[in-house]
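A.B. asks: Provided herewith: model_23.csv, CSV, C-alpha atoms and all ligand atoms.
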```csv
chain,number,residue,atom,x,y,z
A,18,MET,CA,10.1,56.8,-119.0
A,19,ARG,CA,11.9,55.3,-121.9
A,20,HIS,CA,9.6,54.6,-124.9
A,21,LEU,CA,10.7,53.7,-128.5
A,22,ILE,CA,8.2,55.0,-131.0
A,23,ASP,CA,10.5,56.1,-133.8
A,24,ILE,CA,14.0,55.1,-134.5
A,25,LEU,CA,15.0,58.8,-134.0
A,26,ASP,CA,14.1,58.4,-130.4
A,27,LEU,CA,17.5,56.7,-130.1
A,28,SER,CA,20.7,58.6,-130.5
A,29,THR,CA,23.4,57.0,-132.6
A,30,GLU,CA,25.4,56.3,-129.4
A,31,GLU,CA,22.4,54.5,-127.9
A,32,ILE,CA,22.1,52.4,-131.1
A,33,ASP,CA,25.8,51.6,-130.8
A,34,GLU,CA,25.3,50.6,-127.1
A,35,LEU,CA,22.3,48.4,-128.1
A,36,ILE,CA,24.5,46.6,-130.6
A,37,VAL,CA,27.3,46.2,-128.1
A,38,THR,CA,24.9,44.6,-125.6
A,39,ALA,CA,23.4,42.4,-128.4
A,40,LYS,CA,26.8,41.1,-129.3
A,41,ASP,CA,27.5,40.4,-125.6
A,42,ILE,CA,24.2,38.5,-125.4
A,43,ILE,CA,25.3,36.4,-128.4
A,44,GLU,CA,28.7,35.6,-126.7
A,45,ASN,CA,27.4,35.1,-123.2
A,46,PRO,CA,23.7,34.2,-123.2
A,47,LYS,CA,23.8,32.8,-119.6
A,48,LYS,CA,24.8,36.1,-118.2
A,49,TYR,CA,21.4,37.5,-119.2
A,50,SER,CA,19.2,34.5,-118.5
A,51,GLU,CA,17.7,36.0,-115.3
A,52,ALA,CA,18.1,39.7,-116.1
A,53,CYS,CA,14.4,40.3,-116.3
A,54,HIS,CA,13.3,37.9,-113.6
A,55,GLY,CA,10.0,39.0,-112.1
A,56,LYS,CA,9.2,41.4,-115.0
A,57,LYS,CA,6.3,41.1,-117.4
A,58,LEU,CA,6.1,42.1,-121.1
A,59,ALA,CA,2.7,42.7,-122.6
A,60,THR,CA,2.6,42.2,-126.4
A,61,LEU,CA,-0.5,44.1,-127.7
A,62,PHE,CA,-0.8,43.1,-131.4
A,63,PHE,CA,-3.9,44.6,-133.2
A,64,GLU,CA,-2.5,43.5,-136.6
A,65,PRO,CA,-1.2,40.1,-137.8
A,66,SER,CA,2.3,39.1,-136.9
A,67,THR,CA,4.4,35.9,-136.5
A,68,ARG,CA,8.0,37.1,-136.1
A,69,THR,CA,7.7,40.4,-134.3
A,70,ARG,CA,5.3,39.1,-131.6
A,71,LEU,CA,7.0,35.8,-131.1
A,72,SER,CA,10.5,37.3,-131.1
A,73,PHE,CA,9.5,39.8,-128.5
A,74,GLU,CA,8.1,37.0,-126.4
A,75,ALA,CA,11.1,34.7,-126.9
A,76,ALA,CA,13.4,37.6,-126.1
A,77,MET,CA,11.5,38.2,-122.8
A,78,TYR,CA,11.6,34.5,-121.9
A,79,GLU,CA,15.3,34.3,-122.6
A,80,LEU,CA,15.8,37.2,-120.2
A,81,GLY,CA,14.0,35.2,-117.5
A,82,GLY,CA,10.9,37.3,-117.7
A,83,ASN,CA,7.2,36.6,-118.4
A,84,VAL,CA,4.8,37.5,-121.1
A,85,ILE,CA,1.1,38.4,-121.3
A,86,SER,CA,-0.4,38.9,-124.7
A,87,VAL,CA,-3.2,40.2,-127.0
A,88,SER,CA,-2.6,38.6,-130.4
A,89,SER,CA,-5.4,40.1,-132.4
A,90,ALA,CA,-7.8,43.1,-132.4
A,91,ALA,CA,-10.8,40.7,-132.6
A,92,SER,CA,-9.8,39.0,-129.3
A,93,SER,CA,-9.4,42.3,-127.3
A,94,SER,CA,-11.7,45.0,-126.0
A,95,ALA,CA,-10.6,47.1,-129.0
A,96,SER,CA,-13.4,45.2,-130.8
A,97,LYS,CA,-15.9,46.7,-128.2
A,98,GLY,CA,-14.6,50.2,-128.9
A,99,GLU,CA,-12.0,50.7,-126.2
A,100,SER,CA,-9.5,53.5,-127.0
A,101,VAL,CA,-5.8,52.9,-127.3
A,102,ALA,CA,-5.4,55.4,-124.4
A,103,ASP,CA,-7.6,53.4,-122.1
A,104,THR,CA,-6.0,50.1,-123.1
A,105,ALA,CA,-2.5,51.6,-122.3
A,106,LYS,CA,-3.7,52.7,-118.9
A,107,VAL,CA,-5.2,49.3,-118.1
A,108,VAL,CA,-2.2,47.3,-119.3
A,109,SER,CA,0.1,49.5,-117.2
A,110,CYS,CA,-1.5,47.9,-114.1
A,111,TYR,CA,-0.5,44.4,-115.3
A,112,ALA,CA,2.9,44.6,-117.0
A,113,ASP,CA,6.3,46.4,-116.8
A,114,ILE,CA,6.7,47.1,-120.5
A,115,ILE,CA,4.5,47.1,-123.6
A,116,ALA,CA,5.2,46.1,-127.2
A,117,MET,CA,2.4,47.4,-129.5
A,118,ARG,CA,1.5,46.8,-133.1
A,119,HIS,CA,-1.4,48.7,-134.6
A,120,PRO,CA,-2.9,49.3,-138.0
A,121,LYS,CA,-3.2,53.1,-137.3
A,122,GLU,CA,-0.2,55.3,-137.7
A,123,GLY,CA,0.6,56.9,-134.3
A,124,ALA,CA,-1.3,54.5,-132.1
A,125,PRO,CA,1.8,53.4,-130.2
A,126,TYR,CA,2.6,57.1,-129.6
A,127,VAL,CA,-0.9,57.6,-128.1
A,128,ALA,CA,-0.3,54.5,-125.9
A,129,SER,CA,3.0,56.0,-124.7
A,130,MET,CA,1.4,59.2,-123.7
A,131,ASN,CA,-1.1,57.3,-121.6
A,132,ALA,CA,0.9,54.4,-120.2
A,133,SER,CA,2.9,54.5,-117.0
A,134,ILE,CA,5.3,51.9,-118.3
A,135,PRO,CA,7.6,52.0,-121.4
A,136,VAL,CA,5.9,51.4,-124.8
A,137,ILE,CA,7.8,50.0,-127.8
A,138,ASN,CA,6.3,50.5,-131.3
A,139,ALA,CA,6.2,47.1,-133.0
A,140,GLY,CA,4.9,48.6,-136.2
A,141,ASP,CA,2.3,51.3,-136.8
A,142,GLY,CA,0.4,51.1,-140.1
A,143,GLY,CA,2.5,52.1,-143.1
A,144,HIS,CA,4.5,54.4,-140.9
A,145,SER,CA,7.4,53.0,-139.0
A,146,HIS,CA,8.9,49.8,-137.4
A,147,PRO,CA,11.9,50.8,-135.3
A,148,THR,CA,12.6,47.4,-133.7
A,149,GLN,CA,12.8,45.8,-137.2
A,150,THR,CA,15.3,48.5,-138.0
A,151,LEU,CA,17.4,47.7,-134.9
A,152,ALA,CA,17.4,44.1,-136.1
A,153,ASP,CA,18.4,45.2,-139.6
A,154,LEU,CA,21.3,47.3,-138.2
A,155,LEU,CA,22.6,44.5,-136.1
A,156,THR,CA,22.4,42.2,-139.1
A,157,ILE,CA,24.3,44.6,-141.3
A,158,CYS,CA,26.8,45.3,-138.6
A,159,CYS,CA,27.5,41.6,-137.9
A,160,GLU,CA,27.5,40.5,-141.6
A,161,LYS,CA,29.2,43.4,-143.2
A,162,GLY,CA,31.3,44.6,-140.2
A,163,ARG,CA,30.3,48.2,-140.6
A,164,LEU,CA,27.3,50.6,-140.8
A,165,ASP,CA,29.1,53.2,-142.9
A,166,ASN,CA,30.5,53.3,-146.4
A,167,LEU,CA,27.7,51.2,-147.9
A,168,THR,CA,25.4,51.3,-150.9
A,169,VAL,CA,22.1,50.1,-149.7
A,170,GLY,CA,19.4,49.0,-152.2
A,171,PHE,CA,15.7,48.9,-151.2
A,172,CYS,CA,13.5,47.0,-153.6
A,173,GLY,CA,9.7,46.5,-153.7
A,174,ASP,CA,7.0,48.4,-151.9
A,175,LEU,CA,8.8,51.5,-150.7
A,176,LYS,CA,5.6,53.4,-150.3
A,177,PHE,CA,3.8,51.3,-147.7
A,178,GLY,CA,6.8,49.4,-146.4
A,179,ARG,CA,7.3,50.7,-142.8
A,180,THR,CA,10.5,48.8,-142.3
A,181,VAL,CA,12.0,50.7,-145.3
A,182,HIS,CA,11.1,54.1,-143.9
A,183,SER,CA,12.6,53.3,-140.5
A,184,LEU,CA,15.8,51.8,-142.0
A,185,ILE,CA,16.3,54.7,-144.4
A,186,SER,CA,16.0,57.1,-141.4
A,187,ALA,CA,18.5,55.1,-139.4
A,188,MET,CA,21.1,54.5,-142.1
A,189,SER,CA,21.0,58.2,-143.0
A,190,ARG,CA,23.0,58.9,-139.8
A,191,TYR,CA,26.0,57.0,-140.9
A,192,THR,CA,28.8,58.4,-143.2
A,193,ASN,CA,29.2,57.7,-146.9
A,194,ILE,CA,25.8,55.9,-147.3
A,195,LYS,CA,24.2,55.7,-150.8
A,196,PHE,CA,20.6,54.6,-151.3
A,197,VAL,CA,19.4,52.9,-154.4
A,198,LEU,CA,15.6,52.9,-154.4
A,199,VAL,CA,14.0,50.3,-156.7
A,200,SER,CA,10.2,50.2,-157.0
A,201,PRO,CA,7.3,50.5,-159.4
A,202,VAL,CA,6.5,54.2,-160.0
A,203,GLU,CA,3.3,53.8,-157.9
A,204,LEU,CA,5.3,52.5,-154.9
A,205,LYS,CA,8.1,55.0,-154.6
A,206,VAL,CA,9.1,56.2,-151.1
A,207,PRO,CA,6.7,58.7,-149.6
A,208,SER,CA,7.8,62.3,-150.1
A,209,TYR,CA,8.4,62.9,-146.4
A,210,VAL,CA,11.0,60.2,-146.5
A,211,LYS,CA,12.6,61.5,-149.7
A,212,LYS,CA,12.5,65.2,-148.7
A,213,ASP,CA,12.8,65.3,-145.0
A,214,ILE,CA,15.3,62.5,-144.6
A,215,ILE,CA,17.3,61.7,-147.7
A,216,GLN,CA,17.5,65.1,-149.4
A,217,ARG,CA,17.7,67.1,-146.1
A,218,LYS,CA,20.7,65.1,-145.1
A,219,ASN,CA,22.2,65.4,-148.6
A,220,ILE,CA,22.5,61.7,-149.1
A,221,GLU,CA,23.4,60.4,-152.5
A,222,TYR,CA,20.5,58.4,-154.0
A,223,VAL,CA,19.1,57.0,-157.2
A,224,GLN,CA,15.5,56.0,-157.9
A,225,THR,CA,14.9,53.4,-160.6
A,226,THR,CA,12.4,50.7,-161.7
A,227,ASP,CA,15.2,48.4,-162.9
A,228,LEU,CA,16.8,46.2,-160.3
A,229,GLU,CA,19.3,44.4,-162.6
A,230,SER,CA,21.0,47.5,-163.8
A,231,VAL,CA,21.9,48.6,-160.3
A,232,MET,CA,22.7,45.2,-158.9
A,233,PRO,CA,26.5,45.4,-159.3
A,234,GLU,CA,26.7,48.5,-157.1
A,235,LEU,CA,25.0,47.1,-154.1
A,236,ASP,CA,26.5,46.1,-150.7
A,237,VAL,CA,23.1,45.4,-149.1
A,238,LEU,CA,19.9,44.5,-150.9
A,239,TYR,CA,16.7,44.9,-148.8
A,240,MET,CA,13.8,43.2,-150.5
A,241,THR,CA,10.3,43.8,-149.4
A,242,ARG,CA,6.8,42.4,-149.9
A,243,VAL,CA,4.1,44.5,-151.6
A,244,GLN,CA,1.9,45.4,-148.6
A,245,LYS,CA,-1.4,44.0,-149.7
A,246,GLU,CA,-3.2,45.2,-146.6
A,247,ARG,CA,-2.5,48.9,-147.3
A,248,PHE,CA,-4.0,48.9,-150.8
A,249,PHE,CA,-7.3,50.6,-151.4
A,250,ASN,CA,-8.1,48.4,-154.4
A,251,GLU,CA,-7.3,44.8,-155.1
A,252,GLU,CA,-6.7,45.3,-158.8
A,253,ASP,CA,-3.7,47.6,-158.1
A,254,TYR,CA,-2.3,45.0,-155.7
A,255,LEU,CA,-2.7,42.2,-158.2
A,256,ARG,CA,-1.0,44.2,-160.9
A,257,LEU,CA,2.0,45.2,-158.7
A,258,LYS,CA,2.5,42.2,-156.4
A,259,ASP,CA,5.0,40.4,-158.6
A,260,SER,CA,6.9,43.5,-159.8
A,261,TYR,CA,10.2,42.1,-158.5
A,262,ILE,CA,11.2,38.5,-158.0
A,263,LEU,CA,14.8,37.9,-157.1
A,264,THR,CA,16.2,34.9,-158.9
A,265,PRO,CA,19.7,33.4,-159.1
A,266,GLU,CA,19.8,34.8,-162.7
A,267,LYS,CA,19.3,38.4,-161.4
A,268,LEU,CA,22.1,38.0,-158.9
A,269,LYS,CA,24.7,37.1,-161.7
A,270,ASN,CA,26.2,40.6,-161.6
A,271,ALA,CA,25.9,41.1,-157.9
A,272,LYS,CA,29.0,41.5,-155.6
A,273,ASP,CA,30.3,38.3,-153.9
A,274,ASP,CA,29.9,40.0,-150.5
A,275,LEU,CA,26.4,41.4,-151.1
A,276,ILE,CA,24.0,40.6,-148.3
A,277,ILE,CA,20.4,40.1,-149.1
A,278,LEU,CA,17.9,41.1,-146.4
A,279,HIS,CA,14.1,40.8,-146.1
A,280,PRO,CA,12.1,41.7,-143.0
A,281,LEU,CA,9.8,38.7,-143.9
A,282,PRO,CA,7.1,37.4,-144.5
A,283,ARG,CA,8.3,36.6,-148.0
A,284,VAL,CA,5.5,36.1,-150.5
A,285,ASN,CA,7.1,35.8,-153.9
A,286,GLU,CA,9.9,38.4,-153.9
A,287,ILE,CA,12.8,36.0,-153.4
A,288,ALA,CA,13.0,32.6,-155.2
A,289,VAL,CA,13.4,29.8,-152.6
A,290,SER,CA,16.4,28.6,-154.6
A,291,ILE,CA,18.3,31.7,-153.3
A,292,ASP,CA,18.0,30.6,-149.7
A,293,ASP,CA,21.1,28.5,-149.9
A,294,ASP,CA,23.2,31.3,-151.5
A,295,PRO,CA,25.7,32.4,-148.8
A,296,ARG,CA,24.6,36.0,-149.5
A,297,ALA,CA,21.0,35.3,-148.3
A,298,CYS,CA,20.8,36.7,-144.8
A,299,TYR,CA,17.1,36.9,-144.2
A,300,PHE,CA,16.8,34.0,-141.8
A,301,LYS,CA,19.9,35.1,-139.9
A,302,GLN,CA,18.1,38.5,-139.6
A,303,VAL,CA,15.3,36.7,-137.7
A,304,TYR,CA,17.8,35.5,-135.1
A,305,TYR,CA,19.5,38.9,-134.8
A,306,ALA,CA,16.0,40.4,-134.3
A,307,LYS,CA,15.4,38.3,-131.2
A,308,ILE,CA,18.8,39.3,-129.8
A,309,MET,CA,18.3,43.0,-130.5
A,310,ARG,CA,14.9,42.9,-128.8
A,311,MET,CA,16.5,41.4,-125.7
A,312,SER,CA,19.0,44.2,-125.8
A,313,LEU,CA,16.2,46.8,-126.2
A,314,ILE,CA,14.0,45.3,-123.4
A,315,LEU,CA,17.0,45.4,-121.1
A,316,LYS,CA,17.6,49.1,-122.0
A,317,CYS,CA,14.0,50.2,-121.5
A,318,LEU,CA,13.6,48.4,-118.2
A,319,GLY,CA,17.0,49.4,-117.0
A,320,GLU,CA,16.3,53.1,-117.5
A,321,GLU,CA,13.0,52.6,-115.8
A,322,ARG,CA,14.8,51.3,-112.6
A,401,LIG,C1,7.3,43.6,-141.6
A,401,LIG,C2,6.1,44.4,-141.1
A,401,LIG,O1,5.3,43.9,-140.3
A,401,LIG,O2,6.1,45.6,-141.4
A,401,LIG,N1,7.3,42.3,-141.0
A,401,LIG,C3,8.0,42.2,-139.8
A,401,LIG,O3,7.7,42.8,-138.8
A,401,LIG,N2,9.1,41.4,-139.8
A,401,LIG,C4,7.3,43.5,-143.1
A,401,LIG,C5,6.0,43.0,-143.8
A,401,LIG,O4,5.0,42.7,-143.2
A,401,LIG,O5,6.1,43.0,-145.0
```
If you convert what's in this file into structure tokens, what do you get?

C.D. replies:
Amino acid sequence: MRHLIDILDLSTEEIDELIVTAKDIIENPKKYSEACHGKKLATLFFEPSTRTRLSFEAAMYELGGNVISVSSAASSSASKGESVADTAKVVSCYADIIAMRHPKEGAPYVASMNASIPVINAGDGGHSHPTQTLADLLTICCEKGRLDNLTVGFCGDLKFGRTVHSLISAMSRYTNIKFVLVSPVELKVPSYVKKDIIQRKNIEYVQTTDLESVMPELDVLYMTRVQKERFFNEEDYLRLKDSYILTPEKLKNAKDDLIILHPLPRVNEIAVSIDDDPRACYFKQVYYAKIMRMSLILKCLGEER
């Protein structure tokens, strides 16, 4: 059974294959339009989402498959007290593959241990978000032409931002990567990311609170939202929420071929006036995300057969 719970579940070769298939889908969409005919995807989302759920669903429809969906915890039996394990067993009778988002870290893993169909983690609490990472990798690969020899800046909530944790983990596998970690002191990357991934792999990195001073170095700038829902107290959130707002002024010393990414939703981190800058790639990233999810669904269902 092929699950995707953490980005490390995929080898670098498998990520390369997913990217190759994604590029082929972009070139030849018709070839794939019936690839999942007769198959059902269940999207089980126990936390809010626009992009991730809809892009999984759009991906399955574009592969000729069907979708059944739980779009909130309140509308499901989770609100009656059903366990993740039981939900996974039940949904295995209805669908061929599950994409699950859950506020609890590890919930998709528990689902994968109990399901008889592949389970894809669509975001678990503040932990990880491997399919956003696949989308980010495809975006970087298509827009920069490479996944190695890059200085990648992460800016914003690096503590609770699960997309940051998964992308750092993935990028750490490529050669000559440097990380620039820009956050308020309170929102630095968790120590397991710093020690177990960045330092263990001997990757060059700097930690700073000042975005403008590092801007000229960056090939990729990954902006993130301060993760309101993970804060224990509203005062801290209000104090930190506007720590970084990217404006045209702040991009003055940036490289001409910088790419600006953001997993979205954007709250206030990027001025709308940047959207027309050719370096802004966050809406292209949304398109690449759907394509990469098509590639992933094909892989998981293919290995199943
Ligand atoms: C991200 C998430 O859910 O972690 N969104 C997404 O999936 N594109 C980022 C966020 O919510 O800030």

A.B. asks: Looking at only C-alpha atoms and all ligand atoms, which of A:Cys53, A:Leu315, A:Ala297, A:Leu184 is the one that sits closest to ligand LIG 401 (chain A)?

C.D. replies: A:Leu184

A.B. asks: Compile a residue-level contact table for chain A against ligand LIG 401 (chain A) at a cut-off of 10 Å, reporting for every qualifying residue the shortest atom pair and its distance in Å to one decimal, with only C-alpha atoms and all ligand atoms counted, rows ordered by chain and ascending number, as a Markdown table.

C.D. replies:
```
| residue | atom | partner | partner_atom | distance |
| --- | --- | --- | --- | --- |
| A:Glu64 | CA | A:LIG401 | O1 | 8.6 |
| A:Pro65 | CA | A:LIG401 | O1 | 7.9 |
| A:Ser66 | CA | A:LIG401 | O1 | 6.6 |
| A:Thr67 | CA | A:LIG401 | N2 | 8.0 |
| A:Arg68 | CA | A:LIG401 | N2 | 5.8 |
| A:Thr69 | CA | A:LIG401 | O3 | 5.1 |
| A:Arg70 | CA | A:LIG401 | O3 | 8.4 |
| A:Ser72 | CA | A:LIG401 | N2 | 9.7 |
| A:Arg118 | CA | A:LIG401 | O1 | 8.6 |
| A:Ala139 | CA | A:LIG401 | O3 | 7.4 |
| A:Gly140 | CA | A:LIG401 | O2 | 6.1 |
| A:Asp141 | CA | A:LIG401 | O2 | 8.3 |
| A:Gly142 | CA | A:LIG401 | O2 | 8.0 |
| A:Gly143 | CA | A:LIG401 | O2 | 7.6 |
| A:His144 | CA | A:LIG401 | O2 | 9.0 |
| A:Ser145 | CA | A:LIG401 | O2 | 7.9 |
| A:His146 | CA | A:LIG401 | O2 | 6.4 |
| A:Pro147 | CA | A:LIG401 | O3 | 9.7 |
| A:Thr148 | CA | A:LIG401 | O3 | 8.4 |
| A:Gln149 | CA | A:LIG401 | O3 | 6.1 |
| A:Thr150 | CA | A:LIG401 | O3 | 9.5 |
| A:Ala152 | CA | A:LIG401 | N2 | 9.5 |
| A:Asp174 | CA | A:LIG401 | O5 | 8.8 |
| A:Phe177 | CA | A:LIG401 | O2 | 8.8 |
| A:Gly178 | CA | A:LIG401 | O2 | 6.3 |
| A:Arg179 | CA | A:LIG401 | O2 | 5.4 |
| A:Thr180 | CA | A:LIG401 | O2 | 5.5 |
| A:Val181 | CA | A:LIG401 | O2 | 8.7 |
| A:Met240 | CA | A:LIG401 | O5 | 9.5 |
| A:Thr241 | CA | A:LIG401 | O5 | 6.1 |
| A:Arg242 | CA | A:LIG401 | O5 | 5.0 |
| A:Val243 | CA | A:LIG401 | O5 | 7.1 |
| A:Gln244 | CA | A:LIG401 | O5 | 6.0 |
| A:Lys245 | CA | A:LIG401 | O5 | 8.9 |
| A:Glu246 | CA | A:LIG401 | O4 | 9.2 |
| A:His279 | CA | A:LIG401 | C4 | 7.9 |
| A:Pro280 | CA | A:LIG401 | N2 | 4.4 |
| A:Leu281 | CA | A:LIG401 | N2 | 5.0 |
| A:Pro282 | CA | A:LIG401 | O5 | 5.7 |
| A:Arg283 | CA | A:LIG401 | O5 | 7.4 |
| A:Val284 | CA | A:LIG401 | O5 | 8.8 |
| A:Gln302 | CA | A:LIG401 | N2 | 9.5 |
| A:Val303 | CA | A:LIG401 | N2 | 8.1 |
| A:Ala306 | CA | A:LIG401 | N2 | 8.9 |
```

A.B. asks: For A:Leu275, which of A:Glu74, A:Glu229, A:Glu31, A:Glu160 is the closest residue, counting all atoms listed in the file?

C.D. replies: A:Glu160

A.B. asks: May I have the residues within 9 Å of A:Ser86 as a list in words, using all atoms listed in the file and disregarding those fewer than 6 positions away in the same chain?

C.D. replies: Leu58, Ala59, Thr60, Leu61, Phe62, Arg70 and Glu74 of chain A

A.B. asks: Using all atoms listed in the file, pick whichever of A:Ile215, A:Val197, A:Ile137, A:Ala76 has the shortest atom-to-atom distance to A:Met18.

C.D. replies: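 Ranking A:Ile215, A:Val197, A:Ile137, A:Ala76 by distance to A:Met18, first place goes to A:Ile137.
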
A.B. asks: Point out the residue among A:Asp33, A:Asp153, A:Asp41, A:Asp294 with the least atom-to-atom distance to A:Val237, counting only C-alpha atoms.

C.D. replies: A:Asp153

A.B. asks: Looking at A:Leu80, A:Leu27, A:Ile36, A:Ile85, which one is nearest to A:Ile157, with distances taken over only C-alpha atoms?

C.D. replies: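 Of A:Leu80, A:Leu27, A:Ile36, A:Ile85, the one nearest A:Ile157, counting only C-alpha atoms, is A:Ile36.
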
A.B. asks: Pick from A:Ile185, A:Met232, A:Ile276, A:Ala90: nearest to A:Lys212, with only C-alpha atoms counted?

C.D. replies: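 So, comparing all the options, the nearest one is A:Ile185.
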
A.B. asks: For A:Met77, list every protein, DNA or RNA residue within 9 Å, evaluated using only C-alpha atoms, and leave out those in the same chain fewer than 2 positions away; present the list as a list of chain:residue names.

C.D. replies: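 Once the adjacent positions are removed, what remains is A:Cys53, A:Lys56, A:Lys57, A:Leu58, A:Ser72, A:Phe73, A:Glu74, A:Ala75, A:Glu79, A:Leu80, A:Gly81, A:Gly82, A:Asn83, A:Val84, A:Arg310, A:Met311, A:Ile314.
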
A.B. asks: Using all atoms listed in the file, which residues sit within 10 Å of A:Val223 once same-chain residues fewer than 4 positions away are excluded, as a PDB file with C-alpha atoms, in the coordinates of the input?

C.D. replies:
```
ATOM      1  CA  GLY A 170      19.400  49.000-152.200  1.00  0.00           C
ATOM      2  CA  LYS A 195      24.200  55.700-150.800  1.00  0.00           C
ATOM      3  CA  PHE A 196      20.600  54.600-151.300  1.00  0.00           C
ATOM      4  CA  VAL A 197      19.400  52.900-154.400  1.00  0.00           C
ATOM      5  CA  LEU A 198      15.600  52.900-154.400  1.00  0.00           C
ATOM      6  CA  VAL A 199      14.000  50.300-156.700  1.00  0.00           C
ATOM      7  CA  VAL A 231      21.900  48.600-160.300  1.00  0.00           C
TER       8      VAL A 231
END
```
